[in-house]
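Undergrad: Here's a structure for you.
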Amino acid sequence: MNNLLSRHAESIFWLARQVERANSTARILDVNETFSRNARGEHDWESVLRLYGDEHAFHETGRRPTADAVIHFYVLDEHNVNSVRSCIRMARENARALRPLISTEMWVQLNGFHNRLGRLRKADLGVENLNRLCSYIKESCQTHSGITAETLYRDESWYFHQIGRAIERADQTTRLVDVKYQVLLPAPSDVGSPIDEAQWNTVLRSAAGFHAFRRVYPQSMSPAKVVDFIIFDKRFPRSVAASVLVANEHLHALRLKYGHMAKRTASNLLRKLAASLAEDTADELIARGLHEGLDGIQAELGSVTDALGREFFLLTEIDEMPQPPAESAA
């Protein structure tokens with residue numbers, strides 16, 4: 001690194017990812033309760049576990065995948081690294097390490113969000129309260145993003161924040177489409193049925209894209225159209241293609257402005273992925289195998305993260321490594 005310590009670059013990259021993941025988790029829980037039902041008209045809470053690949057970790061708790069158990073697992077369970085509480089706790093720890101670089105407003109908002117989550121109890125997580133709770137989580141994450149956009153200085157830290165947020169968003173979107181296509185409706189006879197359309201509605205709403213989709217496709221819905229919109233439509237800011245472009249553009253600007261010209265692996269990987277998404281279509285992706293294609297995108301995003309780690313985050317000298325931060329009294 002030139003001006004920004006490697007440990008600070010890593011902290012702000014993961015802070016952005018952790019807040020984005022908490023936001024996505026709240027969206028998925030909220031939409032699952034409101035819209036997602038299986039062929040028997042029941043809410044399918046195990047599909048949320050499949051989305052994150054958490055079936056084994058959840059079943060180790062000895063609980064059945066009921067609404068109360070899955071909601072607790074993804075909101076308050078401190079042993080689940082994907083829970084909202086875990087994500088915001090880790091984001092707060094990263095923010096604390098970044099106090100010299102981030103605004104007071106960013107810290108105060110995130111710290112208050114963390115503390116309020118810490119005061120939640122099991123009774124606050126009832127299904128009847130879930131919509132209100134998820135709305136609070138989503139609004140808090142969006143508030144954090146707004147404050148960051150308004151107050152974070154546009155130096156290297158800004159670029160790493162935007163890269164982390166975009167990579168996490170792209171990854172979450174691929175998983176959302178994949179779990180619908182592979183798990184929710186395995187029976188071919190269900191394709192095109194009312195339950196099929198309802199579940200594609202669920203995917204769109206989880207990605208905050210339902211109304212935008214209807215602007216593009218006002219009268220019809222099909223798997224290919226939903227996949228095209230969520231994966232390939234660069235005008236939709238939460239699509240995979242748009243997110244990859246954002247990450248690619250910010251990494252390119254970071255290299256040019258701050259002289260990281262020798263570090264090319266992550267940049268090359270992102271550029272290649274962006275080009276692939278620009279050339280591909282939903283029909284072609286589905287014909288080749290949607291699950292395999294989405295798996296491939298996830299693997300490429302993982303390779304980008306690994307390359308960023310090697311190129312930017314692991315260069316701190318041993319004697320510069322920070323000590324674990326003391327717990328804040330706030």
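In the structure tokens, the first chain shown is A, the next is B, and so on; residue numbers restart at 1 for each chain, and ligands run from 1 in the order shown.
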From a backbone DSSP assignment, name each residue in region 85-275 of chain A labelled alpha helix (DSSP H), as a ChimeraX atom specification.

TA: /A:85-97,104-118,130-151,156-179,194-206,210-216,223-227,240-258,265-275

Undergrad: Compile the contact shell of Phe313 (chain A) as a PyMOL selection string: residues with an atom at most 7 Å away, counting only C-alpha atoms, same-chain residues fewer than 2 positions apart removed.

TA: chain A and resi 6-7+9-10+308-311+315

Undergrad: With only C-alpha atoms as the counted atoms, please give the residues lying no more than 7 Å from region 109-125 of chain A, apart from itself and same-chain residues fewer than 5 positions off, as a PyMOL selection string.

TA: chain A and resi 71-72+85+88-89+92+130+140+144

Undergrad: Applying 12 Å and only C-alpha atoms, which residues near Arg169 (chain A) remain after dropping the ones on its own chain fewer than 3 positions away? List them as number ranges by chain.

TA: A: 16-25, 162-166, 172-176, 206-208, 230-231, 237-247, 298, 301

Undergrad: Give me a file of those residues, with C-alpha atoms, as a CSV table (one decimal), in the first residue's frame.

TA:
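Heads up, here's the output in again.csv:
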```
chain,number,residue,atom,x,y,z
A,16,ALA,CA,-18.7,-2.7,3.7
A,17,ARG,CA,-19.2,-6.4,3.0
A,18,GLN,CA,-20.6,-7.1,6.5
A,19,VAL,CA,-23.1,-4.3,6.4
A,20,GLU,CA,-24.2,-5.3,2.9
A,21,ARG,CA,-24.6,-8.9,4.1
A,22,ALA,CA,-26.7,-7.9,7.1
A,23,ASN,CA,-28.9,-5.8,4.7
A,24,SER,CA,-29.3,-8.8,2.4
A,25,THR,CA,-30.1,-11.2,5.3
A,162,GLN,CA,-17.0,0.4,-2.6
A,163,ILE,CA,-15.2,-2.6,-4.0
A,164,GLY,CA,-16.2,-4.7,-0.9
A,165,ARG,CA,-19.8,-3.6,-1.0
A,166,ALA,CA,-20.1,-4.4,-4.7
A,172,GLN,CA,-25.6,-12.4,-2.5
A,173,THR,CA,-27.5,-11.9,-5.7
A,174,THR,CA,-26.1,-15.1,-7.4
A,175,ARG,CA,-27.0,-17.1,-4.3
A,176,LEU,CA,-30.5,-15.8,-4.2
A,206,SER,CA,-35.5,-10.0,-2.0
A,207,ALA,CA,-33.2,-8.1,-4.4
A,208,ALA,CA,-35.3,-4.9,-4.1
A,230,ILE,CA,-31.1,-9.7,-11.8
A,231,ILE,CA,-27.9,-11.1,-13.4
A,237,PRO,CA,-27.9,-1.3,-9.3
A,238,ARG,CA,-28.2,-4.6,-7.4
A,239,SER,CA,-27.7,-6.8,-10.4
A,240,VAL,CA,-24.6,-9.0,-10.7
A,241,ALA,CA,-23.4,-7.2,-13.8
A,242,ALA,CA,-23.9,-3.7,-12.3
A,243,SER,CA,-22.1,-4.8,-9.1
A,244,VAL,CA,-19.2,-6.3,-10.9
A,245,LEU,CA,-18.8,-3.2,-13.0
A,246,VAL,CA,-18.8,-1.0,-9.9
A,247,ALA,CA,-16.1,-3.2,-8.3
A,298,GLN,CA,-19.4,-17.2,-7.1
A,301,LEU,CA,-15.8,-13.5,-7.0
```

Undergrad: Using only C-alpha atoms, which of the listed residues (A:Ser135, A:Asn80, A:Thr143, A:Thr66) sits closest to Val108 (chain A)?

TA: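 With only C-alpha atoms as the atom set, the closest residue is A:Thr143.
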